[in-house]
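Shown below: input_32.cif, with mmCIF, C-alpha atoms and all ligand atoms.
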```cif
data_query
loop_
_atom_site.group_PDB
_atom_site.id
_atom_site.type_symbol
_atom_site.label_atom_id
_atom_site.label_comp_id
_atom_site.auth_asym_id
_atom_site.auth_seq_id
_atom_site.Cartn_x
_atom_site.Cartn_y
_atom_site.Cartn_z
ATOM 1 C CA LYS A 1 0.000 0.000 0.000
ATOM 2 C CA VAL A 2 2.591 2.514 -1.134
ATOM 3 C CA PRO A 3 1.071 5.097 -3.445
ATOM 4 C CA TYR A 4 4.318 6.216 -5.040
ATOM 5 C CA VAL A 5 5.066 2.878 -6.684
ATOM 6 C CA VAL A 6 2.129 3.295 -9.049
ATOM 7 C CA THR A 7 2.896 6.831 -10.144
ATOM 8 C CA SER A 8 6.626 7.135 -9.537
ATOM 9 C CA LYS A 9 7.257 7.258 -13.301
ATOM 10 C CA SER A 10 5.419 10.524 -13.619
ATOM 11 C CA TYR A 11 7.084 12.011 -10.522
ATOM 12 C CA THR A 12 10.417 11.092 -11.999
ATOM 13 C CA ALA A 13 9.493 12.482 -15.408
ATOM 14 C CA VAL A 14 8.514 15.805 -13.836
ATOM 15 C CA ALA A 15 11.747 15.919 -11.815
ATOM 16 C CA ILE A 16 13.824 15.178 -14.925
ATOM 17 C CA ASN A 17 11.976 17.765 -16.988
ATOM 18 C CA ALA A 18 12.361 20.465 -14.334
ATOM 19 C CA ALA A 19 16.057 19.724 -13.699
ATOM 20 C CA SER A 20 17.013 19.646 -17.356
ATOM 21 C CA LYS A 21 14.973 22.728 -18.353
ATOM 22 C CA ALA A 22 16.343 24.741 -15.432
ATOM 23 C CA GLY A 23 19.858 23.440 -16.063
ATOM 24 C CA GLU A 24 19.820 24.474 -19.709
ATOM 25 C CA TRP A 25 18.563 27.923 -18.781
ATOM 26 C CA ILE A 26 21.205 28.291 -16.051
ATOM 27 C CA LYS A 27 23.938 27.335 -18.501
ATOM 28 C CA SER A 28 22.611 29.819 -21.083
ATOM 29 C CA LYS A 29 22.987 32.587 -18.478
ATOM 30 C CA LEU A 30 26.590 31.691 -17.607
ATOM 31 C CA GLY A 31 28.757 34.810 -17.487
ATOM 32 C CA THR A 32 25.779 37.196 -17.545
ATOM 33 C CA VAL A 33 25.225 37.623 -13.801
ATOM 34 C CA LYS A 34 24.760 41.323 -13.125
ATOM 35 C CA GLN A 35 23.807 41.469 -9.495
ATOM 36 C CA LEU A 36 25.718 39.387 -7.037
ATOM 37 C CA GLY A 37 23.683 39.093 -3.869
ATOM 38 C CA MET A 38 25.263 38.195 -0.565
ATOM 39 C CA LYS A 39 23.330 36.261 2.027
ATOM 40 C CA SER A 40 25.300 35.783 5.242
ATOM 41 C CA GLY A 41 28.435 37.401 3.712
ATOM 42 C CA ALA A 42 30.836 37.516 0.736
ATOM 43 C CA GLN A 43 31.241 33.726 0.815
ATOM 44 C CA ASP A 44 27.502 33.096 0.633
ATOM 45 C CA LEU A 45 26.285 34.155 -2.798
ATOM 46 C CA VAL A 46 22.967 34.263 -4.592
ATOM 47 C CA THR A 47 22.233 35.483 -8.111
ATOM 48 C CA GLU A 48 19.122 36.290 -10.115
ATOM 49 C CA VAL A 49 19.807 32.989 -11.908
ATOM 50 C CA ASP A 50 19.446 30.973 -8.658
ATOM 51 C CA LYS A 51 16.121 32.712 -7.996
ATOM 52 C CA GLY A 52 14.893 32.435 -11.587
ATOM 53 C CA ALA A 53 15.757 28.747 -11.778
ATOM 54 C CA GLU A 54 13.979 28.040 -8.498
ATOM 55 C CA GLN A 55 10.863 29.844 -9.792
ATOM 56 C CA MET A 56 10.979 27.877 -13.023
ATOM 57 C CA ILE A 57 11.277 24.570 -11.149
ATOM 58 C CA ARG A 58 8.443 25.513 -8.767
ATOM 59 C CA LYS A 59 6.128 26.321 -11.685
ATOM 60 C CA LEU A 60 6.926 23.105 -13.538
ATOM 61 C CA ILE A 61 6.292 20.979 -10.442
ATOM 62 C CA LEU A 62 3.120 22.781 -9.358
ATOM 63 C CA THR A 63 1.636 22.506 -12.867
ATOM 64 C CA HIS A 64 1.542 18.740 -12.356
ATOM 65 C CA PHE A 65 1.183 18.473 -8.570
ATOM 66 C CA PRO A 66 -0.519 21.644 -7.314
ATOM 67 C CA ASP A 67 -1.042 20.301 -3.794
ATOM 68 C CA HIS A 68 2.556 19.223 -3.208
ATOM 69 C CA HIS A 69 4.848 21.233 -0.933
ATOM 70 C CA ILE A 70 8.119 22.659 -2.248
ATOM 71 C CA LEU A 71 11.172 23.306 -0.062
ATOM 72 C CA GLY A 72 13.640 25.336 -2.110
ATOM 73 C CA GLU A 73 16.891 26.891 -0.902
ATOM 74 C CA GLU A 74 16.058 30.370 -2.181
ATOM 75 C CA GLY A 75 12.671 30.317 -0.455
ATOM 76 C CA VAL A 76 14.284 29.971 2.978
ATOM 77 C CA GLU A 77 16.073 32.619 5.046
ATOM 78 C CA PRO A 78 19.809 31.928 5.440
ATOM 79 C CA GLY A 79 21.096 30.194 8.565
ATOM 80 C CA PRO A 80 20.740 26.792 10.204
ATOM 81 C CA GLN A 81 17.737 27.666 12.386
ATOM 82 C CA ALA A 82 15.619 28.917 9.475
ATOM 83 C CA SER A 83 16.588 25.802 7.460
ATOM 84 C CA ALA A 84 15.641 23.467 10.297
ATOM 85 C CA ASP A 85 12.301 25.250 10.778
ATOM 86 C CA ALA A 86 11.510 25.175 7.056
ATOM 87 C CA LEU A 87 12.306 21.459 6.869
ATOM 88 C CA LYS A 88 10.172 20.688 9.899
ATOM 89 C CA GLU A 89 7.256 22.629 8.443
ATOM 90 C CA ALA A 90 7.657 20.972 5.031
ATOM 91 C CA LEU A 91 7.646 17.498 6.565
ATOM 92 C CA ASP A 92 4.124 18.067 7.908
ATOM 93 C CA GLU A 93 3.060 17.408 4.314
ATOM 94 C CA ASP A 94 3.113 13.963 2.687
ATOM 95 C CA TYR A 95 4.762 14.988 -0.578
ATOM 96 C CA VAL A 96 7.676 17.433 -0.420
ATOM 97 C CA TRP A 97 9.885 18.430 -3.332
ATOM 98 C CA ILE A 98 13.330 19.473 -2.135
ATOM 99 C CA VAL A 99 15.038 21.796 -4.579
ATOM 100 C CA ASP A 100 18.492 23.300 -4.918
ATOM 101 C CA PRO A 101 18.282 25.352 -8.131
ATOM 102 C CA ILE A 102 22.072 25.774 -8.371
ATOM 103 C CA ASP A 103 24.298 23.721 -6.119
ATOM 104 C CA GLY A 104 27.706 25.335 -6.518
ATOM 105 C CA THR A 105 26.703 28.989 -6.967
ATOM 106 C CA THR A 106 30.251 30.148 -6.188
ATOM 107 C CA ASN A 107 31.531 27.982 -9.051
ATOM 108 C CA TYR A 108 28.780 29.281 -11.320
ATOM 109 C CA VAL A 109 29.676 32.890 -10.573
ATOM 110 C CA HIS A 110 33.374 32.236 -11.228
ATOM 111 C CA GLY A 111 32.772 30.170 -14.371
ATOM 112 C CA PHE A 112 34.210 27.001 -12.785
ATOM 113 C CA PRO A 113 32.157 24.311 -14.543
ATOM 114 C CA PHE A 114 31.114 22.236 -11.519
ATOM 115 C CA TYR A 115 27.569 23.047 -10.464
ATOM 116 C CA CYS A 116 24.221 21.323 -10.827
ATOM 117 C CA VAL A 117 20.480 21.362 -10.289
ATOM 118 C CA SER A 118 19.278 19.021 -7.523
ATOM 119 C CA ILE A 119 15.639 17.942 -7.173
ATOM 120 C CA ALA A 120 14.288 15.301 -4.801
ATOM 121 C CA LEU A 121 10.793 14.153 -3.920
ATOM 122 C CA ALA A 122 10.144 12.880 -0.400
ATOM 123 C CA TYR A 123 7.046 10.976 0.659
ATOM 124 C CA GLN A 124 6.402 11.014 4.424
ATOM 125 C CA GLY A 125 10.000 12.043 5.063
ATOM 126 C CA GLU A 126 11.626 9.442 2.832
ATOM 127 C CA VAL A 127 13.273 10.365 -0.466
ATOM 128 C CA ILE A 128 11.644 8.408 -3.313
ATOM 129 C CA VAL A 129 13.026 10.255 -6.357
ATOM 130 C CA GLY A 130 16.366 12.008 -6.785
ATOM 131 C CA VAL A 131 17.555 13.841 -9.888
ATOM 132 C CA ILE A 132 20.798 15.766 -10.332
ATOM 133 C CA TYR A 133 21.583 17.528 -13.604
ATOM 134 C CA ASP A 134 25.052 18.846 -14.488
ATOM 135 C CA PRO A 135 24.613 21.199 -17.464
ATOM 136 C CA SER A 136 28.372 21.622 -18.050
ATOM 137 C CA ARG A 137 28.789 17.930 -18.913
ATOM 138 C CA ASP A 138 25.144 17.325 -19.856
ATOM 139 C CA GLU A 139 24.925 14.532 -17.291
ATOM 140 C CA LEU A 140 21.623 13.566 -15.741
ATOM 141 C CA PHE A 141 21.654 11.306 -12.684
ATOM 142 C CA VAL A 142 18.288 9.732 -11.877
ATOM 143 C CA ALA A 143 17.376 7.468 -8.958
ATOM 144 C CA GLU A 144 14.068 5.974 -7.846
ATOM 145 C CA LYS A 145 13.727 4.293 -4.477
ATOM 146 C CA GLY A 146 14.294 0.562 -4.912
ATOM 147 C CA LYS A 147 14.906 0.800 -8.659
ATOM 148 C CA GLY A 148 18.553 1.736 -8.981
ATOM 149 C CA CYS A 149 20.255 4.796 -10.378
ATOM 150 C CA TYR A 150 20.828 5.634 -14.016
ATOM 151 C CA VAL A 151 22.838 8.186 -15.924
ATOM 152 C CA HIS A 152 21.414 8.532 -19.455
ATOM 153 C CA GLY A 153 19.954 5.044 -19.296
ATOM 154 C CA ASN A 154 23.120 3.346 -17.991
ATOM 155 C CA ARG A 155 22.965 1.844 -14.545
ATOM 156 C CA MET A 156 25.414 3.440 -12.143
ATOM 157 C CA GLU A 157 27.538 1.640 -9.620
ATOM 158 C CA VAL A 158 29.833 2.849 -6.875
ATOM 159 C CA SER A 159 33.590 2.184 -7.019
ATOM 160 C CA ALA A 160 35.330 -0.971 -5.787
ATOM 161 C CA GLU A 161 38.021 0.367 -3.422
ATOM 162 C CA GLY A 162 37.998 -1.502 -0.139
ATOM 163 C CA ARG A 163 40.409 0.643 1.856
ATOM 164 C CA LEU A 164 40.776 4.343 2.599
ATOM 165 C CA SER A 165 44.388 4.093 1.421
ATOM 166 C CA GLU A 166 43.124 3.406 -2.151
ATOM 167 C CA SER A 167 40.365 6.013 -1.987
ATOM 168 C CA LEU A 168 39.802 9.334 -3.706
ATOM 169 C CA ILE A 169 37.759 11.407 -1.247
ATOM 170 C CA ALA A 170 36.054 14.777 -1.612
ATOM 171 C CA THR A 171 35.031 17.344 0.959
ATOM 172 C CA GLY A 172 33.772 20.910 1.082
ATOM 173 C CA PHE A 173 34.535 23.817 3.337
ATOM 174 C CA PRO A 174 31.730 25.128 5.499
ATOM 175 C CA VAL A 175 31.197 28.891 5.243
ATOM 176 C CA GLY A 176 29.070 31.184 7.335
ATOM 177 C CA ILE A 177 29.139 29.025 10.461
ATOM 178 C CA SER A 178 32.580 29.400 12.034
ATOM 179 C CA SER A 179 31.983 26.679 14.640
ATOM 180 C CA THR A 180 32.102 23.919 12.007
ATOM 181 C CA LEU A 181 35.444 24.900 10.444
ATOM 182 C CA PRO A 182 37.679 23.327 13.134
ATOM 183 C CA MET A 183 35.810 20.026 12.735
ATOM 184 C CA ASN A 184 36.380 20.131 8.994
ATOM 185 C CA MET A 185 40.072 21.031 9.385
ATOM 186 C CA ALA A 186 40.598 18.235 11.888
ATOM 187 C CA GLY A 187 39.055 15.809 9.406
ATOM 188 C CA LEU A 188 41.317 17.038 6.603
ATOM 189 C CA GLN A 189 44.465 16.872 8.695
ATOM 190 C CA HIS A 190 43.677 13.362 9.830
ATOM 191 C CA LEU A 191 42.525 12.022 6.445
ATOM 192 C CA VAL A 192 45.090 13.440 4.011
ATOM 193 C CA PRO A 193 47.796 10.928 5.040
ATOM 194 C CA LYS A 194 45.278 8.059 5.150
ATOM 195 C CA VAL A 195 43.679 8.378 1.692
ATOM 196 C CA ARG A 196 44.970 8.446 -1.886
ATOM 197 C CA ASN A 197 44.065 12.116 -2.150
ATOM 198 C CA ILE A 198 41.383 14.695 -1.425
ATOM 199 C CA ARG A 199 39.380 16.891 -3.803
ATOM 200 C CA SER A 200 37.052 19.800 -3.185
ATOM 201 C CA GLY A 201 34.904 20.645 -6.194
ATOM 202 C CA GLY A 202 32.462 23.038 -4.531
ATOM 203 C CA SER A 203 29.141 21.266 -5.133
ATOM 204 C CA ALA A 204 27.974 18.835 -2.463
ATOM 205 C CA ALA A 205 25.257 17.394 -4.722
ATOM 206 C CA LEU A 206 27.659 16.773 -7.581
ATOM 207 C CA HIS A 207 30.168 15.182 -5.202
ATOM 208 C CA MET A 208 27.396 12.798 -4.128
ATOM 209 C CA ALA A 209 26.600 11.993 -7.780
ATOM 210 C CA TYR A 210 30.309 11.308 -8.355
ATOM 211 C CA VAL A 211 30.394 8.883 -5.416
ATOM 212 C CA ALA A 212 27.406 7.126 -7.005
ATOM 213 C CA ALA A 213 29.148 7.028 -10.397
ATOM 214 C CA GLY A 214 32.322 5.540 -8.893
ATOM 215 C CA ARG A 215 34.412 8.627 -9.720
ATOM 216 C CA LEU A 216 34.956 9.326 -6.030
ATOM 217 C CA SER A 217 35.257 6.646 -3.335
ATOM 218 C CA GLY A 218 33.697 8.907 -0.731
ATOM 219 C CA PHE A 219 32.675 12.395 0.332
ATOM 220 C CA TRP A 220 32.106 14.161 3.627
ATOM 221 C CA GLU A 221 31.038 17.672 4.500
ATOM 222 C CA ILE A 222 29.920 19.550 7.609
ATOM 223 C CA GLY A 223 27.008 21.999 7.867
ATOM 224 C CA LEU A 224 24.931 21.208 4.773
ATOM 225 C CA ASN A 225 21.158 21.432 4.314
ATOM 226 C CA ALA A 226 18.436 19.074 3.117
ATOM 227 C CA TRP A 227 18.457 20.539 -0.416
ATOM 228 C CA ASP A 228 22.190 19.874 -0.834
ATOM 229 C CA LEU A 229 21.802 16.195 0.021
ATOM 230 C CA ALA A 230 18.313 14.787 -0.559
ATOM 231 C CA ALA A 231 18.663 13.826 -4.247
ATOM 232 C CA GLY A 232 22.317 12.819 -3.903
ATOM 233 C CA ALA A 233 21.642 10.572 -0.917
ATOM 234 C CA LEU A 234 19.134 8.451 -2.861
ATOM 235 C CA ILE A 235 21.434 8.483 -5.909
ATOM 236 C CA VAL A 236 24.315 7.113 -3.805
ATOM 237 C CA GLN A 237 22.146 4.505 -2.045
ATOM 238 C CA GLU A 238 20.591 3.288 -5.285
ATOM 239 C CA SER A 239 24.078 2.932 -6.782
ATOM 240 C CA GLY A 240 25.108 0.587 -3.975
ATOM 241 C CA GLY A 241 26.739 3.161 -1.694
ATOM 242 C CA SER A 242 26.177 4.175 1.931
ATOM 243 C CA VAL A 243 25.103 7.532 3.340
ATOM 244 C CA SER A 244 25.257 8.467 7.011
ATOM 245 C CA ASP A 245 26.085 11.361 9.272
ATOM 246 C CA THR A 246 29.658 11.797 10.538
ATOM 247 C CA LEU A 247 28.837 9.605 13.567
ATOM 248 C CA GLY A 248 27.656 6.791 11.301
ATOM 249 C CA ARG A 249 23.917 7.208 11.891
ATOM 250 C CA PRO A 250 21.857 6.447 8.748
ATOM 251 C CA TYR A 251 20.939 9.341 6.476
ATOM 252 C CA ASP A 252 17.654 11.169 6.909
ATOM 253 C CA LEU A 253 16.543 14.602 5.724
ATOM 254 C CA SER A 254 17.747 16.311 8.911
ATOM 255 C CA VAL A 255 21.395 15.244 8.415
ATOM 256 C CA ARG A 256 23.752 18.232 8.056
ATOM 257 C CA ASN A 257 27.143 16.533 8.516
ATOM 258 C CA VAL A 258 27.273 13.890 5.819
ATOM 259 C CA VAL A 259 29.463 10.930 4.927
ATOM 260 C CA ALA A 260 28.778 9.154 1.616
ATOM 261 C CA SER A 261 30.835 6.309 0.232
ATOM 262 C CA ASN A 262 31.043 3.212 -1.922
ATOM 263 C CA ARG A 263 29.936 1.254 1.215
ATOM 264 C CA LYS A 264 33.154 -0.830 1.366
ATOM 265 C CA ILE A 265 35.173 1.964 3.000
ATOM 266 C CA HIS A 266 32.278 3.396 5.019
ATOM 267 C CA SER A 267 33.123 2.155 8.501
ATOM 268 C CA GLU A 268 36.842 2.918 8.102
ATOM 269 C CA PHE A 269 35.898 6.391 6.805
ATOM 270 C CA VAL A 270 33.502 7.140 9.691
ATOM 271 C CA GLU A 271 36.032 5.822 12.241
ATOM 272 C CA ALA A 272 38.746 8.063 10.783
ATOM 273 C CA LEU A 273 36.467 11.109 11.058
ATOM 274 C CA LYS A 274 35.597 10.209 14.662
ATOM 275 C CA GLU A 275 39.311 9.887 15.506
ATOM 276 C CA ALA A 276 39.943 13.207 13.783
ATOM 277 C CA ASN A 277 37.419 15.006 15.932
ATOM 278 C CA ALA A 278 38.672 13.338 19.084
ATOM 279 C CA THR A 279 42.253 14.432 18.389
ATOM 280 C CA GLY A 280 41.557 17.624 16.463
ATOM 281 C CA LEU A 281 39.063 19.216 18.775
ATOM 282 C CA ASN A 282 40.033 17.885 22.166
ATOM 283 C CA GLY A 283 43.649 16.842 21.990
HETATM 284 P P1 LIG A 301 25.181 26.271 -2.770
HETATM 285 O O1 LIG A 301 26.129 26.492 -3.872
HETATM 286 O O2 LIG A 301 23.836 25.788 -3.211
HETATM 287 O O3 LIG A 301 25.065 27.416 -1.818
HETATM 288 C C1 LIG A 301 30.089 23.615 -1.119
HETATM 289 O O4 LIG A 301 30.944 23.282 -0.083
HETATM 290 C C2 LIG A 301 28.659 23.345 -0.725
HETATM 291 O O5 LIG A 301 28.266 24.161 0.386
HETATM 292 C C3 LIG A 301 27.707 23.626 -1.842
HETATM 293 O O6 LIG A 301 26.857 22.525 -1.917
HETATM 294 C C4 LIG A 301 27.009 24.907 -1.420
HETATM 295 O O7 LIG A 301 25.696 25.006 -1.901
HETATM 296 C C5 LIG A 301 27.020 24.794 0.074
HETATM 297 N N1 LIG A 301 26.971 26.086 0.770
HETATM 298 C C6 LIG A 301 27.367 27.278 0.304
HETATM 299 N N2 LIG A 301 27.179 28.255 1.214
HETATM 300 C C7 LIG A 301 26.652 27.666 2.290
HETATM 301 C C8 LIG A 301 26.218 28.143 3.584
HETATM 302 N N3 LIG A 301 26.314 29.409 3.926
HETATM 303 N N4 LIG A 301 25.726 27.225 4.459
HETATM 304 C C9 LIG A 301 25.634 25.938 4.104
HETATM 305 N N5 LIG A 301 26.018 25.433 2.917
HETATM 306 C C10 LIG A 301 26.518 26.284 2.017
HETATM 307 CA CA CA A 302 23.504 28.956 -1.485
HETATM 308 CA CA CA A 303 23.474 23.826 -2.168
HETATM 309 CA CA CA A 304 21.998 26.609 -4.163
#
```

Now, as a test, write the supplied structure out as structure tokens.
Ligand code: 2AM
Ligand code: CA
Ligand code: CA
Ligand code: CA
Amino acid sequence: KVPYVVTSKSYTAVAINAASKAGEWIKSKLGTVKQLGMKSGAQDLVTEVDKGAEQMIRKLILTHFPDHHILGEEGVEPGPQASADALKEALDEDYVWIVDPIDGTTNYVHGFPFYCVSIALAYQGEVIVGVIYDPSRDELFVAEKGKGCYVHGNRMEVSAEGRLSESLIATGFPVGISSTLPMNMAGLQHLVPKVRNIRSGGSAALHMAYVAAGRLSGFWEIGLNAWDLAAGALIVQESGGSVSDTLGRPYDLSVRNVVASNRKIHSEFVEALKEANATGLNG
């Protein structure tokens, strides 16, 4: 008795349509940004393209599902409290679309071609559809709960590395909330000697898609929001990977400190991050 099984095709089709239409429009506006808005400060940017893309996605979704709720980054005041409140309010509804119109706005503004559109649909708090579109490479990652993850029709699978020492890991640097930076630095300091190398591309959602595609062995980041992670979490899980918080608790929409991996390295990865915080913050 799960309603989404019957109609998940159309949910997915709407998510794909919205992500690809918005993505194409975003790419067409590359280099044209006139007004650079700052949210919490000069590291926290928003452009008219972020807002326009979110509007476009909202319209496309509401045309098909007028009674669904939409939680979009640009519809929420900046800061962790406002995000938590907006998520809590959204989750009172059965169907919630969770939208990040541009994940990687800083990259977009600088012309660094690593940004994406992220759209997820949650039913009673559980993500059932996740779509990430990267307009720079024209790559569309699509996952449906229980049905696997596909990129342009090809099934995706996480990478095979079994040890951190063979792993390519990505992270991101939290901005705006100074209390999370030491935790991130401790993780970096502890992990750099343990892994093959570390990357930081500047889009949490695209890092998650790359874990799913086997291009990264794992990814962690502190201080994210539901819209950065919802689609990517399902995409990783449906590709055979694991997603948890930095203490190893299973992913849900309230997770802000994320660890995603190919599953084989997950416990070693989480243990290393725990050690890092023990030594980095207390020792
Ligand atoms: P954004 O581009 O949608 O803002 C990069 O490390 C990641 O952090 C991106 O996914 C980026 O999403 C996100 N990010 C940027 N500014 C942030 C902020 N002030 N708080 C939380 N996450 C942020
Ligand atoms: Ca942002
Ligand atoms: Ca984001
Ligand atoms: Ca964004």

Minimum-distance residue to A:Gly52, chosen among A:Ser165, A:Met38, A:Lys29, A:Ala226 (using all atoms listed in the file): A:Lys29

At most 10 Å from ligand CA 304 (chain A) (all atoms listed in the file): residue list as a PyMOL selection string: chain A and resi 44-47+50-51+54+72-74+99-106+115-118+203-205+225+227-228

Excluding A:Ser244 and any residue of its chain fewer than 2 positions from it, enumerate the residues within 6 Å of it, using only C-alpha atoms, and give them as a PDB file with C-alpha atoms, in the frame of the given file.
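Full text of result.pdb as output:
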```pdb
ATOM      1  CA  GLY A 248      27.656   6.791  11.301  1.00  0.00           C
ATOM      2  CA  ARG A 249      23.917   7.208  11.891  1.00  0.00           C
ATOM      3  CA  PRO A 250      21.857   6.447   8.748  1.00  0.00           C
ATOM      4  CA  TYR A 251      20.939   9.341   6.476  1.00  0.00           C
ATOM      5  CA  VAL A 258      27.273  13.890   5.819  1.00  0.00           C
ATOM      6  CA  VAL A 259      29.463  10.930   4.927  1.00  0.00           C
TER       7      VAL A 259
END
```

Hits from the PyMOL selection byres (((chain A and resi 79) around 10) and not hetatm), listed as a PyMOL selection string: chain A and resi 39-40+76-78+80-84+176-177+225

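Using all atoms listed in the file, the shortest contact distance between A:Val192 and any of A:Leu253, A:Ala272, A:Arg215, A:His266 is found at A:Ala272.
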
Residues returned when the PyMOL selection byres (((chain A and resi 168-174) around 9) and not hetatm) runs on this file, as JSON, numbers by chain: {"A": [164, 165, 166, 167, 175, 176, 177, 178, 180, 181, 184, 185, 188, 195, 196, 197, 198, 199, 200, 201, 202, 203, 204, 207, 211, 215, 216, 217, 218, 219, 220, 221, 222, 223, 224, 261]}

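The gap separating atom CA of A:Val131 from atom CA of A:Leu60 is 14.6 Å, in Å to one decimal.
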
A:Ser179, A:Gly130, A:Gly41, A:Ala276 ranked by distance to ligand CA 302 (chain A), top pick (using all atoms listed in the file):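 Looking at the shortest contact to ligand CA 302 (chain A), the residue is A:Gly41.
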
From A:Lys59, A:Arg137, A:Lys27, A:Lys145, residue lying nearest A:Ala120 [all atoms listed in the file]: A:Lys145

Which residue of A:Leu71, A:Leu121, A:Leu206, A:Val14 approaches ligand LIG 301 (chain A) most closely, using all atoms listed in the file: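 Closest to ligand LIG 301 (chain A), using all atoms listed in the file: A:Leu206.
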
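Considering only C-alpha atoms and all ligand atoms, the residue among A:Ala13, A:Val243, A:Ile70, A:Ile98 positioned nearest to ligand CA 303 (chain A) is A:Ile98.
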
Run the PyMOL selection byres (((chain A and resi 136) around 12) and not hetatm) against the file shown and list the residues it catches, as a PDB file with C-alpha atoms, keeping the file's coordinate frame.
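Output file part12.pdb is given in full below:
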```pdb
ATOM      1  CA  SER A  20      17.013  19.646 -17.356  1.00  0.00           C
ATOM      2  CA  GLY A  23      19.858  23.440 -16.063  1.00  0.00           C
ATOM      3  CA  GLU A  24      19.820  24.474 -19.709  1.00  0.00           C
ATOM      4  CA  TRP A  25      18.563  27.923 -18.781  1.00  0.00           C
ATOM      5  CA  ILE A  26      21.205  28.291 -16.051  1.00  0.00           C
ATOM      6  CA  LYS A  27      23.938  27.335 -18.501  1.00  0.00           C
ATOM      7  CA  SER A  28      22.611  29.819 -21.083  1.00  0.00           C
ATOM      8  CA  LEU A  30      26.590  31.691 -17.607  1.00  0.00           C
ATOM      9  CA  ASN A 107      31.531  27.982  -9.051  1.00  0.00           C
ATOM     10  CA  TYR A 108      28.780  29.281 -11.320  1.00  0.00           C
ATOM     11  CA  GLY A 111      32.772  30.170 -14.371  1.00  0.00           C
ATOM     12  CA  PHE A 112      34.210  27.001 -12.785  1.00  0.00           C
ATOM     13  CA  PRO A 113      32.157  24.311 -14.543  1.00  0.00           C
ATOM     14  CA  PHE A 114      31.114  22.236 -11.519  1.00  0.00           C
ATOM     15  CA  TYR A 115      27.569  23.047 -10.464  1.00  0.00           C
ATOM     16  CA  CYS A 116      24.221  21.323 -10.827  1.00  0.00           C
ATOM     17  CA  VAL A 117      20.480  21.362 -10.289  1.00  0.00           C
ATOM     18  CA  TYR A 133      21.583  17.528 -13.604  1.00  0.00           C
ATOM     19  CA  ASP A 134      25.052  18.846 -14.488  1.00  0.00           C
ATOM     20  CA  PRO A 135      24.613  21.199 -17.464  1.00  0.00           C
ATOM     21  CA  ARG A 137      28.789  17.930 -18.913  1.00  0.00           C
ATOM     22  CA  ASP A 138      25.144  17.325 -19.856  1.00  0.00           C
ATOM     23  CA  GLU A 139      24.925  14.532 -17.291  1.00  0.00           C
ATOM     24  CA  LEU A 140      21.623  13.566 -15.741  1.00  0.00           C
ATOM     25  CA  LEU A 206      27.659  16.773  -7.581  1.00  0.00           C
TER      26      LEU A 206
END
```

Distance query A:Glu271 at most 12 Å, all atoms listed in the file, self and fewer than 6 positions along chain excluded, as a ChimeraX atom specification: /A:164,187,190-191,194,245-248,259,265,277-278

How big is the axis-aligned box around the listed atoms of ligand LIG 301 (chain A) once 5 Å is added on each side, and where is its centre? Give both in Å to one decimal, as lines of an AutoDock Vina configuration file.
```
center_x = 27.4
center_y = 26.0
center_z = 0.3
size_x = 17.1
size_y = 16.9
size_z = 18.3
```

Å distance separating atom C4 of ligand LIG 301 (chain A) from atom CA of A:Gly153, one decimal place: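 Separating atom C4 of ligand LIG 301 (chain A) from atom CA of A:Gly153 is a distance of 27.6 Å.
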
Atom CA of A:Lys34 to atom CA of A:Glu48, distance in Å rounded to a single decimal: 8.1 Å

Please produce stretch 148-155 of chain A, completed to N, CA, C and O atoms, as a short mmCIF file (atom, residue, chain, number, x, y, z; two decimals), keeping the file's coordinate frame.
```cif
data_model
loop_
_atom_site.label_atom_id
_atom_site.label_comp_id
_atom_site.auth_asym_id
_atom_site.auth_seq_id
_atom_site.Cartn_x
_atom_site.Cartn_y
_atom_site.Cartn_z
N GLY A 148 17.23 1.47 -8.44
CA GLY A 148 18.55 1.74 -8.98
C GLY A 148 18.72 3.17 -9.43
O GLY A 148 17.82 4.01 -9.30
N CYS A 149 19.91 3.45 -9.94
CA CYS A 149 20.26 4.80 -10.38
C CYS A 149 20.83 4.72 -11.78
O CYS A 149 21.63 3.83 -12.09
N TYR A 150 20.42 5.65 -12.61
CA TYR A 150 20.83 5.63 -14.02
C TYR A 150 21.37 6.98 -14.43
O TYR A 150 20.90 8.03 -13.98
N VAL A 151 22.39 6.96 -15.29
CA VAL A 151 22.84 8.19 -15.92
C VAL A 151 22.68 7.96 -17.43
O VAL A 151 23.28 7.04 -18.00
N HIS A 152 21.77 8.70 -18.03
CA HIS A 152 21.41 8.53 -19.45
C HIS A 152 21.18 7.07 -19.79
O HIS A 152 21.74 6.53 -20.76
N GLY A 153 20.36 6.41 -19.00
CA GLY A 153 19.95 5.04 -19.30
C GLY A 153 20.93 3.97 -18.85
O GLY A 153 20.60 2.79 -18.87
N ASN A 154 22.15 4.35 -18.44
CA ASN A 154 23.12 3.35 -17.99
C ASN A 154 23.12 3.26 -16.47
O ASN A 154 23.23 4.29 -15.79
N ARG A 155 23.00 2.04 -15.98
CA ARG A 155 22.96 1.84 -14.54
C ARG A 155 24.29 2.27 -13.91
O ARG A 155 25.36 1.95 -14.43
#
```
